[in-house]
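Visitor: Take a look at coords.txt, compact mmCIF, C-alpha atoms:
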```
# COMPACT_ATOMS: atom_id res chain seq x y z
CA MET A 1 72.92 -20.80 4.93
CA LEU A 2 75.20 -20.24 1.96
CA LYS A 3 78.56 -18.60 1.50
CA ASN A 4 77.22 -15.23 0.36
CA MET A 5 73.56 -15.30 1.41
CA PHE A 6 70.96 -17.10 3.43
CA HIS A 7 67.42 -18.14 2.55
CA ILE A 8 64.68 -17.80 5.12
CA THR A 9 61.35 -19.63 4.99
CA VAL A 10 58.27 -20.01 7.15
CA VAL A 11 56.41 -23.31 6.96
CA ASP A 12 52.98 -24.15 8.40
CA LEU A 13 51.83 -27.40 10.00
CA TYR A 14 50.77 -28.79 6.61
CA GLY A 15 54.27 -28.30 5.24
CA ASN A 16 53.15 -25.39 3.07
CA THR A 17 55.59 -22.54 2.58
CA VAL A 18 54.07 -19.34 3.94
CA PHE A 19 57.08 -17.14 3.17
CA SER A 20 60.38 -17.44 1.31
CA GLY A 21 63.06 -14.81 0.91
CA THR A 22 66.79 -14.31 0.42
CA ILE A 23 69.11 -12.00 2.32
CA GLN A 24 72.52 -11.18 0.89
CA LEU A 25 75.03 -11.59 3.70
CA PRO A 26 78.52 -13.13 3.31
CA TYR A 27 79.24 -15.73 5.97
CA SER A 28 81.83 -14.92 8.59
CA ASN A 29 82.61 -16.73 11.81
CA THR A 30 81.88 -13.68 13.95
CA LEU A 31 79.42 -12.77 16.64
CA SER A 32 78.14 -9.92 14.48
CA TYR A 33 77.22 -12.35 11.67
CA TYR A 34 75.27 -14.70 13.94
CA GLU A 35 73.57 -11.77 15.63
CA GLU A 36 72.58 -10.25 12.28
CA VAL A 37 71.11 -13.54 11.00
CA ALA A 38 69.14 -13.92 14.24
CA GLY A 39 68.02 -10.32 13.97
CA GLU A 40 66.60 -10.87 10.48
CA ILE A 41 64.73 -13.94 11.72
CA LYS A 42 63.27 -12.06 14.69
CA LYS A 43 62.35 -9.13 12.44
CA LEU A 44 60.36 -11.44 10.13
CA ILE A 45 58.62 -13.05 13.11
CA ALA A 46 57.66 -9.67 14.61
CA LEU A 47 56.52 -8.22 11.28
CA ASN A 48 54.05 -11.09 10.81
CA HIS A 49 53.07 -11.37 14.49
CA TYR A 50 54.28 -14.97 14.68
CA GLU A 51 55.73 -14.64 18.18
CA ASP A 52 53.44 -17.18 19.86
CA LYS A 53 53.21 -19.49 16.82
CA ILE A 54 56.81 -20.61 16.37
CA LEU A 55 57.59 -24.24 17.19
CA GLY A 56 61.29 -23.79 16.53
CA ILE A 57 63.96 -22.50 14.18
CA SER A 58 65.95 -24.97 12.11
CA ILE A 59 69.14 -24.06 10.26
CA ALA A 60 70.31 -25.87 7.13
CA THR A 61 73.98 -25.23 6.45
CA GLN A 62 76.61 -26.21 3.91
CA GLY A 63 78.68 -28.44 6.11
CA ILE A 64 78.52 -31.88 7.67
CA THR A 65 77.28 -31.73 11.24
CA SER A 66 78.20 -33.72 14.32
CA PRO A 67 76.00 -36.72 15.18
CA ASP A 68 74.14 -34.59 17.75
CA ASN A 69 73.74 -31.74 15.22
CA THR A 70 75.36 -29.21 17.54
CA TYR A 71 78.37 -28.19 15.43
CA VAL A 72 79.87 -28.45 11.93
CA THR A 73 82.63 -31.05 11.58
CA TYR A 74 83.44 -30.39 7.91
CA GLY A 75 82.66 -27.03 6.34
CA THR A 76 85.20 -26.38 3.61
CA ILE A 77 82.86 -24.51 1.24
CA MET A 78 81.85 -21.83 3.74
CA ASP A 79 84.92 -22.19 5.94
CA ASN A 80 82.53 -22.84 8.83
CA THR A 81 84.12 -25.94 10.37
CA GLY A 82 83.48 -25.70 14.10
CA MET A 83 80.43 -23.45 13.74
CA CYS A 84 78.09 -24.22 16.64
CA LEU A 85 74.34 -24.25 16.89
CA GLU A 86 74.73 -22.19 20.05
CA ASP A 87 76.25 -19.39 17.93
CA PHE A 88 72.71 -18.74 16.67
CA ALA A 89 70.61 -20.11 19.50
CA LYS A 90 71.89 -17.62 22.09
CA TYR A 91 70.28 -14.82 20.07
CA LEU A 92 66.96 -16.60 19.46
CA PRO A 93 64.20 -17.14 22.05
CA TYR A 94 63.02 -20.42 20.47
CA PRO A 95 64.23 -24.03 20.25
CA CYS A 96 66.91 -24.34 17.55
CA HIS A 97 68.17 -27.21 15.40
CA MET A 98 70.95 -27.50 12.79
CA GLU A 99 71.24 -29.89 9.85
CA HIS A 100 73.41 -30.50 6.78
CA ASP A 101 71.57 -28.88 3.85
CA SER A 102 71.58 -32.07 1.75
CA LYS A 103 69.90 -34.02 4.55
CA SER A 104 67.33 -31.24 4.90
CA ALA A 105 66.61 -31.51 1.18
CA ALA A 106 66.09 -35.26 1.59
CA ALA A 107 63.65 -34.57 4.44
CA LEU A 108 61.55 -32.41 2.12
CA GLU A 109 61.55 -35.05 -0.62
CA LEU A 110 60.46 -37.68 1.91
CA TRP A 111 57.64 -35.36 2.96
CA ASN A 112 56.58 -34.88 -0.67
CA HIS A 113 56.89 -38.60 -1.53
CA PRO A 114 55.60 -40.41 1.57
CA ASN A 115 55.35 -43.75 -0.22
CA ILE A 116 59.03 -43.91 -1.13
CA ASN A 117 61.11 -46.27 0.98
CA ASP A 118 64.45 -45.89 -0.81
CA ALA A 119 65.81 -43.11 -3.01
CA VAL A 120 68.94 -41.27 -4.11
CA ILE A 121 68.78 -37.47 -3.83
CA PHE A 122 70.84 -35.21 -6.07
CA LEU A 123 70.79 -31.68 -4.67
CA LEU A 124 71.63 -29.62 -7.76
CA ASN A 125 72.63 -26.45 -5.97
CA ARG A 126 75.46 -23.97 -6.47
CA ASN A 127 77.54 -26.71 -4.90
CA LEU A 128 76.36 -30.22 -5.57
CA GLY A 129 74.96 -32.22 -2.68
CA GLY A 130 73.43 -35.61 -2.15
CA ALA A 131 71.63 -37.87 0.27
CA LEU A 132 70.39 -41.44 0.50
CA ILE A 133 67.02 -42.60 1.76
CA THR A 134 66.82 -46.21 2.94
CA ASN A 135 63.83 -47.83 4.64
CA HIS A 136 62.07 -44.46 4.63
CA LYS A 137 64.86 -42.86 6.67
CA ILE A 138 67.68 -40.52 5.74
CA HIS A 139 70.96 -42.41 5.82
CA GLN A 140 73.56 -40.57 7.89
CA GLY A 141 76.44 -43.05 8.15
CA ASN A 142 78.83 -43.60 11.05
CA PHE A 143 80.34 -40.13 10.72
CA MET A 144 77.40 -38.24 9.16
CA HIS A 145 78.84 -38.10 5.63
CA GLY A 146 76.70 -40.87 4.16
CA GLY A 147 75.30 -39.85 0.76
CA THR A 148 77.94 -37.25 -0.13
CA LEU A 149 77.80 -38.29 -3.76
CA GLU A 150 79.28 -34.94 -4.79
CA HIS A 151 82.71 -36.38 -3.99
CA MET A 152 82.38 -39.49 -6.15
CA CYS A 153 85.41 -39.52 -8.45
CA ILE A 154 84.38 -39.31 -12.10
CA ASP A 155 87.88 -38.73 -13.50
CA SER A 156 91.01 -38.94 -11.36
CA ASP A 157 92.71 -36.47 -13.73
CA GLY A 158 89.73 -34.10 -13.73
CA PRO A 159 89.34 -30.57 -12.32
CA LEU A 160 90.42 -29.79 -8.77
CA CYS A 161 87.58 -29.95 -6.26
CA TYR A 162 87.31 -27.79 -3.13
CA CYS A 163 87.89 -30.99 -1.12
CA GLY A 164 91.43 -31.17 -2.49
CA ASN A 165 90.90 -34.12 -4.83
CA ARG A 166 90.42 -34.15 -8.58
CA GLY A 167 87.50 -35.16 -10.75
CA CYS A 168 84.76 -35.15 -8.11
CA LEU A 169 81.19 -35.04 -9.44
CA GLU A 170 80.99 -31.56 -7.86
CA THR A 171 83.38 -30.26 -10.52
CA TYR A 172 81.08 -31.42 -13.33
CA CYS A 173 77.50 -31.25 -12.06
CA SER A 174 77.23 -28.36 -9.63
CA ALA A 175 75.52 -25.17 -10.78
CA ASN A 176 78.86 -23.43 -10.27
CA ALA A 177 80.52 -25.85 -12.69
CA LEU A 178 77.77 -25.25 -15.27
CA GLU A 179 78.25 -21.49 -14.99
CA LYS A 180 82.00 -21.88 -15.35
CA ALA A 181 81.64 -24.05 -18.46
CA SER A 182 79.14 -21.71 -20.11
CA GLY A 183 80.64 -18.41 -19.00
CA THR A 184 77.25 -17.03 -18.04
CA THR A 185 74.68 -17.13 -15.25
CA ILE A 186 72.35 -20.09 -14.79
CA LYS A 187 69.32 -17.96 -15.65
CA ASP A 188 70.88 -16.69 -18.89
CA PHE A 189 72.28 -20.11 -19.76
CA PHE A 190 68.88 -21.78 -19.75
CA ARG A 191 67.20 -18.85 -21.46
CA MET A 192 69.67 -19.04 -24.33
CA LEU A 193 69.60 -22.85 -24.34
CA ARG A 194 65.80 -23.19 -24.41
CA GLU A 195 64.42 -19.99 -25.94
CA GLU A 196 67.17 -18.71 -28.21
CA GLN A 197 68.62 -22.16 -28.88
CA THR A 198 72.17 -20.83 -28.80
CA PRO A 199 74.09 -23.64 -30.54
CA GLN A 200 77.25 -23.56 -28.41
CA PHE A 201 75.26 -24.19 -25.24
CA LEU A 202 73.78 -27.54 -26.31
CA PRO A 203 77.04 -29.55 -26.04
CA ILE A 204 77.73 -27.95 -22.64
CA TRP A 205 74.32 -29.10 -21.38
CA GLU A 206 74.72 -32.56 -22.91
CA ASP A 207 78.12 -32.89 -21.23
CA TYR A 208 76.51 -31.95 -17.92
CA LEU A 209 73.74 -34.53 -18.39
CA ASN A 210 76.22 -37.21 -19.47
CA HIS A 211 78.25 -36.85 -16.28
CA LEU A 212 75.06 -36.82 -14.23
CA ALA A 213 73.83 -39.99 -15.95
CA PHE A 214 77.20 -41.68 -15.33
CA ALA A 215 76.89 -41.04 -11.58
CA MET A 216 73.23 -42.07 -11.56
CA LYS A 217 74.02 -45.36 -13.26
CA ASN A 218 76.72 -46.21 -10.71
CA LEU A 219 74.53 -45.33 -7.76
CA ASN A 220 71.62 -47.28 -9.22
CA MET A 221 73.85 -50.37 -9.15
CA VAL A 222 74.19 -49.88 -5.39
CA ILE A 223 70.67 -48.72 -4.56
CA ASP A 224 67.99 -49.90 -6.98
CA ALA A 225 65.61 -47.06 -6.21
CA PRO A 226 64.11 -43.86 -7.63
CA ILE A 227 66.43 -40.91 -8.21
CA ILE A 228 65.20 -37.47 -7.20
CA LEU A 229 66.69 -34.33 -8.77
CA SER A 230 66.21 -31.54 -6.29
CA GLY A 231 67.41 -28.03 -5.53
CA TYR A 232 68.35 -24.96 -7.55
CA LEU A 233 68.64 -26.50 -11.02
CA ALA A 234 65.66 -28.86 -10.73
CA PRO A 235 63.06 -26.38 -12.11
CA TYR A 236 65.15 -25.97 -15.29
CA ILE A 237 65.09 -29.70 -16.14
CA THR A 238 62.56 -30.71 -18.79
CA ALA A 239 60.79 -33.95 -19.66
CA GLU A 240 63.17 -34.26 -22.62
CA ASP A 241 66.14 -34.02 -20.25
CA LEU A 242 64.70 -36.82 -18.11
CA GLU A 243 64.22 -38.97 -21.20
CA TYR A 244 67.82 -38.31 -22.22
CA LEU A 245 69.11 -39.22 -18.75
CA ALA A 246 67.07 -42.42 -18.64
CA GLN A 247 68.40 -43.47 -22.06
CA ARG A 248 71.99 -42.73 -21.08
CA ILE A 249 71.64 -44.72 -17.85
CA SER A 250 70.08 -47.69 -19.64
CA ALA A 251 72.70 -47.62 -22.40
CA SER A 252 75.54 -48.19 -19.94
CA SER A 253 73.72 -50.55 -17.58
CA PRO A 254 72.82 -54.24 -17.84
CA PHE A 255 69.38 -53.26 -16.50
CA GLU A 256 66.89 -50.96 -18.19
CA PHE A 257 66.26 -47.80 -16.22
CA GLN A 258 62.68 -46.54 -16.40
CA LYS A 259 62.14 -42.80 -16.82
CA GLU A 260 59.40 -43.05 -14.19
CA ASN A 261 62.16 -43.63 -11.63
CA LEU A 262 63.45 -40.09 -12.22
CA LEU A 263 61.61 -37.54 -10.10
CA ILE A 264 61.94 -33.76 -9.95
CA GLY A 265 61.81 -31.64 -6.81
CA ILE A 266 59.55 -28.60 -7.01
CA HIS A 267 60.97 -26.12 -4.49
CA GLY A 268 64.13 -25.01 -6.26
CA GLN A 269 66.74 -23.10 -4.28
CA TYR A 270 64.59 -23.05 -1.13
CA THR A 271 64.53 -26.85 -0.83
CA PRO A 272 67.03 -27.17 2.08
CA ALA A 273 65.43 -24.32 4.04
CA ILE A 274 61.94 -25.80 3.74
CA GLY A 275 63.21 -29.29 4.54
CA ALA A 276 64.96 -27.98 7.65
CA ALA A 277 61.74 -26.36 8.87
CA LEU A 278 59.97 -29.71 8.64
CA PHE A 279 62.06 -30.95 11.57
CA TYR A 280 59.81 -29.13 14.03
CA ILE A 281 56.62 -29.87 12.08
CA GLN A 282 57.31 -33.61 12.24
CA GLU A 283 58.30 -33.39 15.88
CA PHE A 284 54.98 -31.68 16.67
CA ILE A 285 52.91 -34.17 14.64
CA GLY A 286 54.68 -37.04 16.40
CA SER A 287 53.73 -35.60 19.78
CA ILE A 288 49.99 -35.58 19.08
```
Spit out the file's structure as structure tokens when you get a sec.
Guide:
Amino acid sequence: MLKNMFHITVVDLYGNTVFSGTIQLPYSNTLSYYEEVAGEIKKLIALNHYEDKILGISIATQGITSPDNTYVTYGTIMDNTGMCLEDFAKYLPYPCHMEHDSKSAAALELWNHPNINDAVIFLLNRNLGGALITNHKIHQGNFMHGGTLEHMCIDSDGPLCYCGNRGCLETYCSANALEKASGTTIKDFFRMLREEQTPQFLPIWEDYLNHLAFAMKNLNMVIDAPIILSGYLAPYITAEDLEYLAQRISASSPFEFQKENLLIGIHGQYTPAIGAALFYIQEFIGSI
């Protein structure tokens, strides 16, 4: 779920994505919104005759959830603080689950990298997100906001963040921040950067990577582990970008950072939706 749209995916027992789509629908805390989202889900299920094949429906949302995943405790981006799982579940005839989208993204990266015990996840979406993996588990923290690296302060005099503070990493390394700096869409930015080699876009991209490397270096001091770049912007990142990031991290660190410790997610903007769906796949596998 996003502020102006929601992605919907269907995942099979192997973790393969059977269907992915996007529906434009601005979020509103109304019964009609929840009923419309549920209606689109039921329509997809009926169209594909999935009625007796659904293990459950899992919702990834922008917003930190309660420890029991039943409601949103902090949802400033979408203004969905207090949104309840039951808001959706009462319209759906299947088990339902809700998760913070960054944690869902981490679940997908764990699925794709089963040998990783520890990692830092950067969810490079419209709004930046993050998660930590420790001992092969997603770190939640005492109040479920563990891993919210988007609110690391990069510059206390920097731009105002939606959280009310200044200079958060969100204001430098979200896709929204990149669009604001370039004055164009993400798709056009990378087309002009890579294909047309528009000169004014190179320093904007380098500035983005420099801020990202700064945060990576600091986090690597805390968790000496691979860093996974996931989400919307991940497919646009090249091998040259990874080399640049690794060099920048090493240049400001007492320890050399190997480029092999930088990994790229492969599912783009659908990463949180697919990761959320894995909740019921893993639950089923664990029951066998």
Visitor: Write out as a tab-separated table the residues of range 91-115 of chain A that have any atom within 7 Å of an atom of range 119-136 of chain A, one row each with the nearest atom pair and its distance in Å to one decimal, counting all atoms listed in the file, sorted by chain and then rising number.
Guide:
```
residue	atom	partner	partner_atom	distance
A:Ser102	CA	A:Gly129	CA	5.6
A:Lys103	CA	A:Ala131	CA	6.0
A:Ala106	CA	A:Ala131	CA	6.3
```
Visitor: Can you measure CA of Ile138 in chain A to CA of Asn112 in chain A for me? One decimal in Å is fine.
Guide: 14.0 Å
Visitor: So which residues touch Asn261 in chain A within 12 Å, counting all atoms listed in the file, skipping near sequence neighbours fewer than 5 positions away, as a compact mmCIF listing (two decimals) with C-alpha atoms, keeping the file's coordinate frame?
Guide:
```
# COMPACT_ATOMS: atom_id res chain seq x y z
CA ILE A 116 59.03 -43.91 -1.13
CA ASP A 118 64.45 -45.89 -0.81
CA ALA A 119 65.81 -43.11 -3.01
CA VAL A 120 68.94 -41.27 -4.11
CA ILE A 121 68.78 -37.47 -3.83
CA MET A 216 73.23 -42.07 -11.56
CA ASN A 220 71.62 -47.28 -9.22
CA ASP A 224 67.99 -49.90 -6.98
CA ALA A 225 65.61 -47.06 -6.21
CA PRO A 226 64.11 -43.86 -7.63
CA ILE A 227 66.43 -40.91 -8.21
CA ILE A 228 65.20 -37.47 -7.20
CA LEU A 229 66.69 -34.33 -8.77
CA LEU A 242 64.70 -36.82 -18.11
CA GLU A 243 64.22 -38.97 -21.20
CA LEU A 245 69.11 -39.22 -18.75
CA ALA A 246 67.07 -42.42 -18.64
CA ILE A 249 71.64 -44.72 -17.85
CA SER A 250 70.08 -47.69 -19.64
CA GLU A 256 66.89 -50.96 -18.19
```
Visitor: Please provide the set of residues having any atom within 8 Å of Ala215 in chain A, restricted to only C-alpha atoms, with same-chain residues fewer than 2 positions apart removed, written as a VMD selection string.
Guide: chain A and resid 152 154 169 211 to 213 217 to 219
Visitor: Give me, please, the distance in Å between CA of Thr271 in chain A and CA of Asp101 in chain A, quoted to one decimal.
Guide: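 Between CA of Thr271 in chain A and CA of Asp101 in chain A the gap is 8.7 Å.
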Visitor: With all atoms listed in the file as the atoms that count, which of A:Lys43, A:Phe19, A:His151, A:Ile264 lies nearest to Asn165 in chain A?
Guide: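 Smallest separation from Asn165 in chain A among the options: A:His151.
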Visitor: Could you check the closest approach to Gln258 in chain A for each of A:Thr238, A:Thr81, A:Tyr244, A:Asp207 and tell me which residue wins, using all atoms listed in the file?
Guide: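 When distances to Gln258 in chain A are compared using all atoms listed in the file, the smallest one comes from A:Tyr244.
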Visitor: Rank nothing, just name the residue among A:Thr65, A:Ser156, A:Ser230, A:Thr22 nearest to Glu99 in chain A, using all atoms listed in the file.
Guide: A:Thr65
Visitor: Hey, can you pull every residue with an atom no more than 8 Å from (84.1, -28.1, 8.4), using only C-alpha atoms, and send it as a list in words?
Guide: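 Returned residue set, sorted by chain then number, is Gly63, Ile64, Val72, Thr73, Tyr74, Gly75, Thr76, Asp79, Asn80, Thr81, Gly82 and Met83 of chain A.
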Visitor: Find the spatial neighbours of range 86-92 of chain A, counting only C-alpha atoms, within a cut-off of 9 Å - ignore same-chain residues fewer than 3 positions away - and output them as a PDB file with C-alpha atoms, in the coordinates of the input.
Guide:
```
ATOM      1  CA  THR A  30      81.880 -13.680  13.950  1.00  0.00           C
ATOM      2  CA  LEU A  31      79.420 -12.770  16.640  1.00  0.00           C
ATOM      3  CA  TYR A  34      75.270 -14.700  13.940  1.00  0.00           C
ATOM      4  CA  GLU A  35      73.570 -11.770  15.630  1.00  0.00           C
ATOM      5  CA  VAL A  37      71.110 -13.540  11.000  1.00  0.00           C
ATOM      6  CA  ALA A  38      69.140 -13.920  14.240  1.00  0.00           C
ATOM      7  CA  GLY A  39      68.020 -10.320  13.970  1.00  0.00           C
ATOM      8  CA  ILE A  41      64.730 -13.940  11.720  1.00  0.00           C
ATOM      9  CA  LYS A  42      63.270 -12.060  14.690  1.00  0.00           C
ATOM     10  CA  ILE A  57      63.960 -22.500  14.180  1.00  0.00           C
ATOM     11  CA  THR A  70      75.360 -29.210  17.540  1.00  0.00           C
ATOM     12  CA  TYR A  71      78.370 -28.190  15.430  1.00  0.00           C
ATOM     13  CA  MET A  83      80.430 -23.450  13.740  1.00  0.00           C
ATOM     14  CA  PRO A  95      64.230 -24.030  20.250  1.00  0.00           C
ATOM     15  CA  CYS A  96      66.910 -24.340  17.550  1.00  0.00           C
ATOM     16  CA  HIS A  97      68.170 -27.210  15.400  1.00  0.00           C
TER      17      HIS A  97
END
```
Visitor: Ranking A:Tyr172, A:Trp205, A:Trp111, A:Tyr50 by minimum distance to Tyr236 in chain A and counting all atoms listed in the file, which one comes first?
Guide: A:Trp205
Visitor: I'd like a table as JSON lines: residues in range 234-286 of chain A with an atom no more than 12 Å from range 186-202 of chain A, each row giving the shortest atom pair and its distance in Å to one decimal, only C-alpha atoms counted, sorted by chain and rising residue number.
Guide:
```
{"residue": "A:Ala234", "atom": "CA", "partner": "A:Ile186", "partner_atom": "CA", "distance": 11.8}
{"residue": "A:Pro235", "atom": "CA", "partner": "A:Phe190", "partner_atom": "CA", "distance": 10.6}
{"residue": "A:Tyr236", "atom": "CA", "partner": "A:Phe190", "partner_atom": "CA", "distance": 7.2}
{"residue": "A:Ile237", "atom": "CA", "partner": "A:Phe190", "partner_atom": "CA", "distance": 9.5}
{"residue": "A:Thr238", "atom": "CA", "partner": "A:Arg194", "partner_atom": "CA", "distance": 9.9}
{"residue": "A:Glu240", "atom": "CA", "partner": "A:Arg194", "partner_atom": "CA", "distance": 11.5}
{"residue": "A:Asp241", "atom": "CA", "partner": "A:Arg194", "partner_atom": "CA", "distance": 11.6}
```
Visitor: Please provide the set of residues having any atom within 8 Å of Asn4 in chain A, restricted to all atoms listed in the file, with same-chain residues fewer than 2 positions apart removed, written as a PyMOL selection string.
Guide: chain A and resi 2+6+24-27
Visitor: So how many Å separate CA of Ser58 in chain A and CA of Leu149 in chain A, to one decimal?
Guide: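 Going from CA of Ser58 in chain A over to CA of Leu149 in chain A, I get 23.9 Å.
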Visitor: Using C-alpha atoms, give me range 128-209 of chain A from the structure I just pasted, as a PDB file, in the first residue's frame.
Guide:
```
ATOM      1  CA  LEU A 128      13.348   5.471   1.699  1.00  0.00           C
ATOM      2  CA  GLY A 129      13.055   2.480   4.000  1.00  0.00           C
ATOM      3  CA  GLY A 130      15.380   0.122   5.771  1.00  0.00           C
ATOM      4  CA  ALA A 131      15.660  -3.060   7.770  1.00  0.00           C
ATOM      5  CA  LEU A 132      18.275  -5.079   9.619  1.00  0.00           C
ATOM      6  CA  ILE A 133      18.785  -8.824   9.460  1.00  0.00           C
ATOM      7  CA  THR A 134      20.622 -10.391  12.399  1.00  0.00           C
ATOM      8  CA  ASN A 135      21.114 -14.113  12.990  1.00  0.00           C
ATOM      9  CA  HIS A 136      18.963 -14.818   9.926  1.00  0.00           C
ATOM     10  CA  LYS A 137      15.999 -12.960  11.433  1.00  0.00           C
ATOM     11  CA  ILE A 138      14.498  -9.566  10.745  1.00  0.00           C
ATOM     12  CA  HIS A 139      15.294  -7.233  13.624  1.00  0.00           C
ATOM     13  CA  GLN A 140      12.162  -5.499  14.902  1.00  0.00           C
ATOM     14  CA  GLY A 141      13.326  -3.735  18.069  1.00  0.00           C
ATOM     15  CA  ASN A 142      11.390  -3.133  21.275  1.00  0.00           C
ATOM     16  CA  PHE A 143       8.873  -0.857  19.564  1.00  0.00           C
ATOM     17  CA  MET A 144       9.026  -2.225  15.998  1.00  0.00           C
ATOM     18  CA  HIS A 145      11.085   0.642  14.553  1.00  0.00           C
ATOM     19  CA  GLY A 146      14.408  -1.187  14.451  1.00  0.00           C
ATOM     20  CA  GLY A 147      16.179  -0.601  11.133  1.00  0.00           C
ATOM     21  CA  THR A 148      14.497   2.683  10.213  1.00  0.00           C
ATOM     22  CA  LEU A 149      17.721   3.968   8.708  1.00  0.00           C
ATOM     23  CA  GLU A 150      15.765   6.503   6.651  1.00  0.00           C
ATOM     24  CA  HIS A 151      15.732   8.743   9.722  1.00  0.00           C
ATOM     25  CA  MET A 152      19.483   8.695  10.331  1.00  0.00           C
ATOM     26  CA  CYS A 153      20.580  12.334  10.493  1.00  0.00           C
ATOM     27  CA  ILE A 154      23.047  13.156   7.725  1.00  0.00           C
ATOM     28  CA  ASP A 155      23.030  16.933   8.243  1.00  0.00           C
ATOM     29  CA  SER A 156      21.250  18.604  11.156  1.00  0.00           C
ATOM     30  CA  ASP A 157      20.800  21.726   8.990  1.00  0.00           C
ATOM     31  CA  GLY A 158      19.559  19.729   5.999  1.00  0.00           C
ATOM     32  CA  PRO A 159      16.122  19.596   4.334  1.00  0.00           C
ATOM     33  CA  LEU A 160      12.994  19.103   6.418  1.00  0.00           C
ATOM     34  CA  CYS A 161      11.859  15.480   6.596  1.00  0.00           C
ATOM     35  CA  TYR A 162       8.235  14.345   6.883  1.00  0.00           C
ATOM     36  CA  CYS A 163       9.093  13.169  10.416  1.00  0.00           C
ATOM     37  CA  GLY A 164       9.591  16.792  11.464  1.00  0.00           C
ATOM     38  CA  ASN A 165      13.383  16.695  11.765  1.00  0.00           C
ATOM     39  CA  ARG A 166      16.009  17.977   9.369  1.00  0.00           C
ATOM     40  CA  GLY A 167      18.662  16.213   7.336  1.00  0.00           C
ATOM     41  CA  CYS A 168      17.301  12.659   7.527  1.00  0.00           C
ATOM     42  CA  LEU A 169      18.673  10.228   4.940  1.00  0.00           C
ATOM     43  CA  GLU A 170      15.133  10.170   3.500  1.00  0.00           C
ATOM     44  CA  THR A 171      15.614  13.738   2.269  1.00  0.00           C
ATOM     45  CA  TYR A 172      18.717  12.764   0.267  1.00  0.00           C
ATOM     46  CA  CYS A 173      18.291   9.153  -0.855  1.00  0.00           C
ATOM     47  CA  SER A 174      14.608   8.502  -1.447  1.00  0.00           C
ATOM     48  CA  ALA A 175      13.356   8.319  -5.033  1.00  0.00           C
ATOM     49  CA  ASN A 176      11.229  11.368  -4.239  1.00  0.00           C
ATOM     50  CA  ALA A 177      14.350  13.313  -3.255  1.00  0.00           C
ATOM     51  CA  LEU A 178      16.085  12.269  -6.487  1.00  0.00           C
ATOM     52  CA  GLU A 179      13.114  13.448  -8.547  1.00  0.00           C
ATOM     53  CA  LYS A 180      13.053  16.744  -6.670  1.00  0.00           C
ATOM     54  CA  ALA A 181      16.772  17.325  -7.241  1.00  0.00           C
ATOM     55  CA  SER A 182      16.590  16.480 -10.947  1.00  0.00           C
ATOM     56  CA  GLY A 183      13.225  18.060 -11.713  1.00  0.00           C
ATOM     57  CA  THR A 184      12.118  15.038 -13.705  1.00  0.00           C
ATOM     58  CA  THR A 185      10.710  11.537 -13.273  1.00  0.00           C
ATOM     59  CA  ILE A 186      12.896   8.626 -12.217  1.00  0.00           C
ATOM     60  CA  LYS A 187      12.412   6.921 -15.580  1.00  0.00           C
ATOM     61  CA  ASP A 188      13.443  10.037 -17.529  1.00  0.00           C
ATOM     62  CA  PHE A 189      16.277  10.820 -15.126  1.00  0.00           C
ATOM     63  CA  PHE A 190      18.001   7.491 -15.689  1.00  0.00           C
ATOM     64  CA  ARG A 191      17.306   7.522 -19.420  1.00  0.00           C
ATOM     65  CA  MET A 192      18.992  10.903 -19.756  1.00  0.00           C
ATOM     66  CA  LEU A 193      21.758   9.943 -17.320  1.00  0.00           C
ATOM     67  CA  ARG A 194      22.652   6.629 -18.989  1.00  0.00           C
ATOM     68  CA  GLU A 195      21.585   6.900 -22.638  1.00  0.00           C
ATOM     69  CA  GLU A 196      21.760  10.595 -23.447  1.00  0.00           C
ATOM     70  CA  GLN A 197      24.478  11.318 -20.888  1.00  0.00           C
ATOM     71  CA  THR A 198      22.912  14.648 -19.979  1.00  0.00           C
ATOM     72  CA  PRO A 199      25.812  16.423 -18.225  1.00  0.00           C
ATOM     73  CA  GLN A 200      23.824  18.186 -15.491  1.00  0.00           C
ATOM     74  CA  PHE A 201      22.447  14.885 -14.207  1.00  0.00           C
ATOM     75  CA  LEU A 202      25.817  13.304 -13.373  1.00  0.00           C
ATOM     76  CA  PRO A 203      26.574  15.500 -10.317  1.00  0.00           C
ATOM     77  CA  ILE A 204      23.015  14.930  -9.044  1.00  0.00           C
ATOM     78  CA  TRP A 205      23.525  11.158  -9.226  1.00  0.00           C
ATOM     79  CA  GLU A 206      26.993  11.373  -7.662  1.00  0.00           C
ATOM     80  CA  ASP A 207      25.571  13.456  -4.816  1.00  0.00           C
ATOM     81  CA  TYR A 208      22.907  10.788  -4.285  1.00  0.00           C
ATOM     82  CA  LEU A 209      25.519   8.011  -4.232  1.00  0.00           C
TER      83      LEU A 209
END
```
